[in-house]
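*Asks:* Following this line is query_32.cif, made up of mmCIF, C-alpha atoms:
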data_model
loop_
_atom_site.group_PDB
_atom_site.id
_atom_site.type_symbol
_atom_site.label_atom_id
_atom_site.label_comp_id
_atom_site.auth_asym_id
_atom_site.auth_seq_id
_atom_site.Cartn_x
_atom_site.Cartn_y
_atom_site.Cartn_z
ATOM 1 C CA MET P 131 0.079 -19.324 -9.179
ATOM 2 C CA THR P 132 -3.062 -18.136 -7.388
ATOM 3 C CA CYS P 133 -4.492 -19.405 -4.122
ATOM 4 C CA ASN P 134 -8.022 -20.821 -4.211
ATOM 5 C CA LEU P 135 -8.283 -21.185 -0.427
ATOM 6 C CA SER P 136 -10.690 -19.022 1.563
ATOM 7 C CA THR P 137 -10.099 -17.424 4.964
ATOM 8 C CA LYS P 138 -12.473 -19.989 6.503
ATOM 9 C CA GLN P 139 -10.439 -22.869 5.027
ATOM 10 C CA ILE P 140 -7.165 -21.371 6.290
ATOM 11 C CA LEU P 141 -8.583 -20.899 9.802
ATOM 12 C CA SER P 142 -9.682 -24.541 9.756
ATOM 13 C CA LYS P 143 -6.169 -25.613 8.674
ATOM 14 C CA MET P 144 -4.622 -23.440 11.417
ATOM 15 C CA ASN P 145 -6.335 -25.639 14.011
ATOM 16 C CA ARG P 146 -4.889 -28.810 12.463
ATOM 17 C CA VAL P 147 -1.354 -27.795 11.473
ATOM 18 C CA LYS P 148 1.445 -27.921 14.041
ATOM 19 C CA LEU P 149 2.968 -24.454 14.082
ATOM 20 C CA THR P 150 6.528 -25.187 15.169
ATOM 21 C CA GLY P 151 9.984 -24.659 13.695
ATOM 22 C CA PHE P 152 9.700 -20.883 13.377
ATOM 23 C CA ASN P 153 12.374 -20.156 15.967
ATOM 24 C CA LYS P 154 15.341 -20.928 13.714
ATOM 25 C CA LYS P 155 17.709 -18.026 13.116
ATOM 26 C CA ASN P 156 17.127 -16.606 9.641
ATOM 27 C CA ARG P 157 18.324 -13.310 8.192
ATOM 28 C CA ASN P 158 15.347 -13.149 5.840
ATOM 29 C CA LYS P 159 12.660 -11.018 7.531
ATOM 30 C CA GLY P 160 9.958 -12.825 5.560
ATOM 31 C CA PHE P 161 11.073 -16.290 6.723
ATOM 32 C CA LYS P 162 8.159 -16.835 9.140
ATOM 33 C CA GLY P 163 5.566 -15.698 6.606
ATOM 34 C CA MET P 164 6.934 -17.883 3.816
ATOM 35 C CA LYS P 165 7.201 -20.927 6.084
ATOM 36 C CA LEU P 166 3.668 -20.360 7.400
ATOM 37 C CA GLU P 167 2.242 -20.051 3.875
ATOM 38 C CA LYS P 168 3.979 -23.293 2.877
ATOM 39 C CA LYS P 169 2.570 -25.143 5.921
ATOM 40 C CA LEU P 170 -0.931 -23.892 5.130
ATOM 41 C CA GLY P 171 -0.720 -24.636 1.394
ATOM 42 C CA ILE P 172 -0.740 -21.007 0.212
ATOM 43 C CA PRO P 173 1.387 -20.687 -2.953
ATOM 44 C CA CYS P 174 3.779 -17.762 -3.507
ATOM 45 C CA SER P 175 2.083 -15.339 -5.872
ATOM 46 C CA THR P 176 1.838 -11.696 -6.909
ATOM 47 C CA GLN P 177 -1.872 -11.542 -6.053
ATOM 48 C CA LEU P 178 -3.002 -8.575 -3.932
ATOM 49 C CA THR P 179 -4.235 -10.911 -1.173
ATOM 50 C CA ASP P 180 -2.976 -14.323 -0.060
ATOM 51 C CA MET P 181 -6.425 -15.976 -0.053
ATOM 52 C CA THR P 182 -9.573 -15.605 -2.152
ATOM 53 C CA ASP P 183 -11.165 -13.334 0.461
ATOM 54 C CA GLY P 184 -8.366 -12.151 2.710
ATOM 55 C CA GLU P 185 -4.762 -11.792 3.743
ATOM 56 C CA LEU P 186 -2.457 -13.811 6.016
ATOM 57 C CA LYS P 187 0.019 -11.906 8.233
ATOM 58 C CA SER P 188 2.555 -13.470 10.557
ATOM 59 C CA TYR P 189 4.205 -11.153 13.058
ATOM 60 C CA THR P 190 6.365 -10.976 16.135
ATOM 61 C CA VAL P 191 4.523 -9.427 19.082
ATOM 62 C CA GLY P 192 6.259 -6.172 19.992
ATOM 63 C CA GLN P 193 7.317 -5.435 16.403
ATOM 64 C CA SER P 194 5.553 -3.538 13.639
ATOM 65 C CA ILE P 195 3.890 -5.409 10.755
ATOM 66 C CA LYS P 196 4.587 -4.368 7.162
ATOM 67 C CA ILE P 197 1.442 -4.187 5.008
ATOM 68 C CA THR P 198 2.376 -2.845 1.571
ATOM 69 C CA SER P 199 4.547 -0.334 -0.235
ATOM 70 C CA LEU P 200 3.316 3.261 -0.189
ATOM 71 C CA GLY P 201 4.248 3.629 -3.864
ATOM 72 C CA HIS P 202 1.447 1.190 -4.811
ATOM 73 C CA CYS P 203 -1.098 3.351 -3.001
ATOM 74 C CA LEU P 204 -0.101 6.933 -3.860
ATOM 75 C CA SER P 205 -2.383 7.434 -6.874
ATOM 76 C CA GLU P 206 -5.388 6.200 -4.849
ATOM 77 C CA ILE P 207 -4.472 8.465 -1.919
ATOM 78 C CA ILE P 208 -3.939 11.579 -4.047
ATOM 79 C CA ASN P 209 -7.135 10.866 -6.041
ATOM 80 C CA LYS P 210 -9.100 10.212 -2.806
ATOM 81 C CA THR P 211 -10.201 6.668 -3.619
ATOM 82 C CA GLN P 212 -12.482 5.356 -0.871
ATOM 83 C CA PHE P 213 -10.741 3.031 1.589
ATOM 84 C CA LYS P 214 -12.986 0.059 0.749
ATOM 85 C CA ASN P 215 -12.030 0.391 -2.951
ATOM 86 C CA CYS P 216 -8.283 0.976 -2.570
ATOM 87 C CA LYS P 217 -5.412 -1.532 -2.432
ATOM 88 C CA LEU P 218 -4.741 -0.999 1.275
ATOM 89 C CA GLY P 219 -8.464 -1.370 1.998
ATOM 90 C CA THR P 220 -8.545 -4.647 0.068
ATOM 91 C CA LYS P 221 -5.421 -5.957 1.812
ATOM 92 C CA THR P 222 -6.769 -5.082 5.271
ATOM 93 C CA ASP P 223 -10.456 -5.929 4.709
ATOM 94 C CA GLN P 224 -10.022 -9.379 6.242
ATOM 95 C CA ILE P 225 -6.765 -10.603 7.765
ATOM 96 C CA VAL P 226 -5.744 -13.716 9.646
ATOM 97 C CA PHE P 227 -2.964 -12.593 12.018
ATOM 98 C CA VAL P 228 -0.598 -15.229 13.368
ATOM 99 C CA GLY P 229 1.465 -14.103 16.354
ATOM 100 C CA PHE P 230 4.881 -15.331 17.486
ATOM 101 C CA ASN P 231 7.032 -14.306 20.422
ATOM 102 C CA LYS P 232 10.607 -13.028 20.017
ATOM 103 C CA GLU P 233 11.943 -16.577 20.291
ATOM 104 C CA GLY P 234 9.785 -17.611 17.308
ATOM 105 C CA ASP P 235 7.233 -19.658 19.256
ATOM 106 C CA TYR P 236 3.639 -19.570 18.051
ATOM 107 C CA ILE P 237 1.395 -17.769 20.579
ATOM 108 C CA GLY P 238 -1.963 -17.505 18.826
ATOM 109 C CA HIS P 239 -3.947 -16.286 15.858
ATOM 110 C CA THR P 240 -6.976 -14.109 15.286
ATOM 111 C CA LEU P 241 -9.176 -12.828 12.486
ATOM 112 C CA LEU P 242 -9.693 -9.114 11.884
ATOM 113 C CA ASN P 243 -12.442 -7.582 9.757
ATOM 114 C CA HIS P 244 -15.116 -4.889 10.261
ATOM 115 C CA ASN P 245 -17.515 -7.403 11.903
ATOM 116 C CA ILE P 246 -14.966 -9.131 14.131
ATOM 117 C CA LYS P 247 -13.064 -6.692 16.397
ATOM 118 C CA PRO P 248 -14.915 -3.654 14.927
ATOM 119 C CA ASN P 249 -13.271 -1.241 17.399
ATOM 120 C CA ILE P 250 -9.780 -2.132 16.154
ATOM 121 C CA TYR P 251 -10.939 -1.945 12.534
ATOM 122 C CA LYS P 252 -12.423 1.557 13.099
ATOM 123 C CA LYS P 253 -9.164 2.763 14.646
ATOM 124 C CA VAL P 254 -7.201 1.520 11.624
ATOM 125 C CA LEU P 255 -9.614 3.351 9.301
ATOM 126 C CA ASN P 256 -9.297 6.529 11.386
ATOM 127 C CA ASP P 257 -5.491 6.334 11.185
ATOM 128 C CA TYR P 258 -5.606 5.698 7.423
ATOM 129 C CA ASN P 259 -7.741 8.789 6.777
ATOM 130 C CA TYR P 260 -5.409 10.922 8.899
ATOM 131 C CA ILE P 261 -2.273 9.617 7.151
ATOM 132 C CA CYS P 262 -3.834 10.193 3.706
ATOM 133 C CA LYS P 263 -4.563 13.836 4.564
ATOM 134 C CA GLU P 264 -0.959 14.337 5.694
ATOM 135 C CA ILE P 265 0.435 12.661 2.546
ATOM 136 C CA THR P 266 -1.801 14.794 0.301
ATOM 137 C CA LYS P 267 -0.710 17.938 2.160
ATOM 138 C CA CYS P 268 2.984 17.123 1.652
ATOM 139 C CA TYR P 269 2.423 16.244 -2.011
ATOM 140 C CA LYS P 270 0.577 19.490 -2.773
ATOM 141 C CA LYS P 271 3.189 21.613 -0.957
ATOM 142 C CA LYS P 272 6.028 19.552 -2.507
ATOM 143 C CA GLU P 273 7.362 18.774 0.960
ATOM 144 C CA LEU P 274 9.281 15.631 1.915
ATOM 145 C CA LEU P 275 7.300 12.815 3.479
ATOM 146 C CA HIS P 276 8.405 11.617 6.904
ATOM 147 C CA THR P 277 7.190 8.969 9.352
ATOM 148 C CA ILE P 278 3.485 9.613 9.955
ATOM 149 C CA THR P 279 1.587 7.709 12.644
ATOM 150 C CA GLY P 280 -2.188 7.941 12.929
ATOM 151 C CA PRO P 281 -3.803 9.372 16.095
ATOM 152 C CA GLN P 282 -4.909 5.880 17.225
ATOM 153 C CA ASN P 283 -1.278 4.669 16.983
ATOM 154 C CA PHE P 284 -2.321 1.598 14.977
ATOM 155 C CA LEU P 285 -1.191 2.534 11.441
ATOM 156 C CA GLN P 286 1.827 4.434 10.126
ATOM 157 C CA ILE P 287 3.980 5.098 7.096
ATOM 158 C CA ARG P 288 7.755 5.076 7.313
ATOM 159 C CA THR P 289 10.820 4.338 5.210
ATOM 160 C CA ALA P 290 11.171 0.750 4.090
ATOM 161 C CA GLY P 291 13.771 0.944 1.383
ATOM 162 C CA ASN P 292 16.586 -1.500 0.742
ATOM 163 C CA LYS P 293 19.613 -0.491 -1.270
ATOM 164 C CA ASN P 294 19.449 -1.345 -4.971
ATOM 165 C CA LYS P 295 22.169 -3.213 -6.892
ATOM 166 C CA ASP P 296 24.135 0.040 -7.262
ATOM 167 C CA GLY P 297 24.301 0.371 -3.472
ATOM 168 C CA ASN P 298 21.888 3.323 -3.378
ATOM 169 C CA TYR P 299 18.341 3.763 -2.119
ATOM 170 C CA THR P 300 15.583 4.208 -4.681
ATOM 171 C CA PRO P 301 13.770 7.494 -4.013
ATOM 172 C CA LEU P 302 9.997 7.748 -3.679
ATOM 173 C CA ILE P 303 8.716 9.909 -6.540
ATOM 174 C CA TYR P 304 5.131 10.422 -7.658
ATOM 175 C CA ASN P 305 4.163 12.486 -10.745
ATOM 176 C CA ASP P 306 7.689 13.982 -10.819
ATOM 177 C CA THR P 307 7.311 15.077 -7.171
ATOM 178 C CA TYR P 308 10.201 13.941 -4.975
ATOM 179 C CA LEU P 309 8.705 12.673 -1.711
ATOM 180 C CA ASN P 310 11.547 10.849 0.065
ATOM 181 C CA ASP P 311 15.081 9.616 -0.600
ATOM 182 C CA LYS P 312 13.894 6.051 0.184
ATOM 183 C CA TYR P 313 10.821 3.961 -0.535
ATOM 184 C CA MET P 314 8.181 3.999 2.193
ATOM 185 C CA ALA P 315 5.525 1.526 3.307
ATOM 186 C CA PHE P 316 2.384 1.203 5.395
ATOM 187 C CA TYR P 317 2.867 -0.645 8.690
ATOM 188 C CA PHE P 318 0.677 -1.744 11.559
ATOM 189 C CA THR P 319 2.396 -0.473 14.715
ATOM 190 C CA ALA P 320 3.721 -2.643 17.539
ATOM 191 C CA ASP P 321 0.820 -1.359 19.712
ATOM 192 C CA PHE P 322 -1.619 -2.655 17.122
ATOM 193 C CA GLY P 323 -0.031 -6.135 17.239
ATOM 194 C CA ARG P 324 -0.135 -6.219 21.035
ATOM 195 C CA ASN P 325 -3.834 -5.280 21.024
ATOM 196 C CA LEU P 326 -4.756 -7.983 18.503
ATOM 197 C CA LEU P 327 -4.197 -11.006 20.705
ATOM 198 C CA SER P 328 -5.276 -9.324 23.948
ATOM 199 C CA ASN P 329 -8.756 -8.214 22.735
#
Would you write the structure of this file as structure tokens?
*Replies:*
Amino acid sequence: MTCNLSTKQILSKMNRVKLTGFNKKNRNKGFKGMKLEKKLGIPCSTQLTDMTDGELKSYTVGQSIKITSLGHCLSEIINKTQFKNCKLGTKTDQIVFVGFNKEGDYIGHTLLNHNIKPNIYKKVLNDYNYICKEITKCYKKKELLHTITGPQNFLQIRTAGNKNKDGNYTPLIYNDTYLNDKYMAFYFTADFGRNLLSN
């Protein structure tokens, strides 16, 4: 099922919906995001973005924010696809961030795109370009990938693998090149999340 709601419509709903009940203990890390989507009328789907023109991200201030699996992006990184045309670029082009404190209480939301908060957006782009160069270097030299954080400390890649049904981690392999013994993902750093609601 696809979502036919725009970012503008979701922001309008955010001002009308009571954002409570997120402080219940839940072992599922995606609990807040799923509950938020349900409250806002965003259906679960496999679409690249949650809305017709953007993404919705809930997060706990002081913790990093998972964006997407690195495996989905490797071919675009190695083939030097421009940021605006790649999956990560599409997912981060326009995002409604919804912040919660460690107790699960709603503390605010904000919109990020290249027109709103352009300084933050430029730092993310700078970090992405740096990380892509490092990934390409490791791939060409057949070296293992490790945690890589951009110079602005807003974007990073790191392991994000869960054990499979056999009790093992699935390795990250691209074009028969072994890159890590676990899957990896792109994350916004905790510093990034703190800056969002303070700027």
*Asks:* What would the selection look like, as a PDB file with C-alpha atoms, in the coordinates of the input, if the PyMOL selection byres ((chain P and resi 190) around 7) were run on the coordinates I just shared?
*Replies:*
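Writing done, so here's selection-v3.pdb:
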ATOM      1  CA  TYR P 189       4.205 -11.153  13.058  1.00  0.00           C
ATOM      2  CA  VAL P 191       4.523  -9.427  19.082  1.00  0.00           C
ATOM      3  CA  GLY P 192       6.259  -6.172  19.992  1.00  0.00           C
ATOM      4  CA  GLN P 193       7.317  -5.435  16.403  1.00  0.00           C
ATOM      5  CA  GLY P 229       1.465 -14.103  16.354  1.00  0.00           C
ATOM      6  CA  PHE P 230       4.881 -15.331  17.486  1.00  0.00           C
ATOM      7  CA  ASN P 231       7.032 -14.306  20.422  1.00  0.00           C
ATOM      8  CA  LYS P 232      10.607 -13.028  20.017  1.00  0.00           C
TER       9      LYS P 232
END
*Asks:* Can you measure atom CA of P:Phe227 to atom CA of P:Ile197 for me? One decimal in Å is fine.
*Replies:*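 Separation of atom CA of P:Phe227 and atom CA of P:Ile197: 11.8 Å.
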*Asks:* Please evaluate the PyMOL selection byres ((chain P and resi 224) around 10) against the displayed coordinates and give the resulting residues as a ChimeraX atom specification.
*Replies:* /P:137,179,181,183-186,219-223,225-227,241-246,251
*Asks:* Find the distance between atom CA of P:Asp296 and atom CA of P:Ser199 and write it in Å to one decimal.
*Replies:*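 If I compute the distance from atom CA of P:Asp296 to atom CA of P:Ser199, I get 20.8 Å.
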*Asks:* Point out the residue among P:Leu204, P:Leu285, P:Ile195, P:Val254 with the least atom-to-atom distance to P:Leu309, counting all atoms listed in the file.
*Replies:* P:Leu204
*Asks:* Emit as AutoDock Vina command-line options the padded axis-aligned box for all listed atoms of stretch 255-269 of chain P, 8 Å per side, with centre and edge lengths in Å to one decimal.
*Replies:*
--center_x -3.3 --center_y 10.6 --center_z 4.7 --size_x 28.6 --size_y 30.6 --size_z 29.4
*Asks:* Rank nothing, just name the residue among P:Met164, P:Val228, P:Ile172, P:Leu275 nearest to P:Gly323, using all atoms listed in the file.
*Replies:* P:Val228
*Asks:* Please measure the separation of atom CA of P:Lys270 and atom CA of P:Asn215, giving the value in Å to one decimal.
*Replies:*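 That distance, rounded to one decimal, is 22.9 Å.
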*Asks:* Taking all atoms listed in the file into account, name the residue in P:Lys217, P:His276, P:Lys312, P:Lys263 that is nearest to P:Thr300.
*Replies:*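 Comparing P:Lys217, P:His276, P:Lys312, P:Lys263 against P:Thr300, the winner is P:Lys312.
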*Asks:* Closest to P:Tyr258 among P:Glu273, P:Asp235, P:Phe318, P:Asp306, using only C-alpha atoms?
*Replies:*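 Result for the nearest residue to P:Tyr258: P:Phe318.
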*Asks:* Measuring atom to atom with all atoms listed in the file, identify which of P:Asn209, P:Thr182, P:His239, P:Lys267 is nearest to P:Ser142.
*Replies:*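 Closest to P:Ser142 of all the choices is P:His239.
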*Asks:* Between P:Ile250, P:Leu327, P:Ala315, P:Val147, which has the minimum distance to P:Ile287 (counting only C-alpha atoms)?
*Replies:* P:Ala315
*Asks:* Running the PyMOL selection byres ((chain P and resi 207) around 12) on this model by hand, what would come out? Give it as number ranges by chain.
*Replies:* P: 200-206, 208-213, 215-219, 258-269, 304
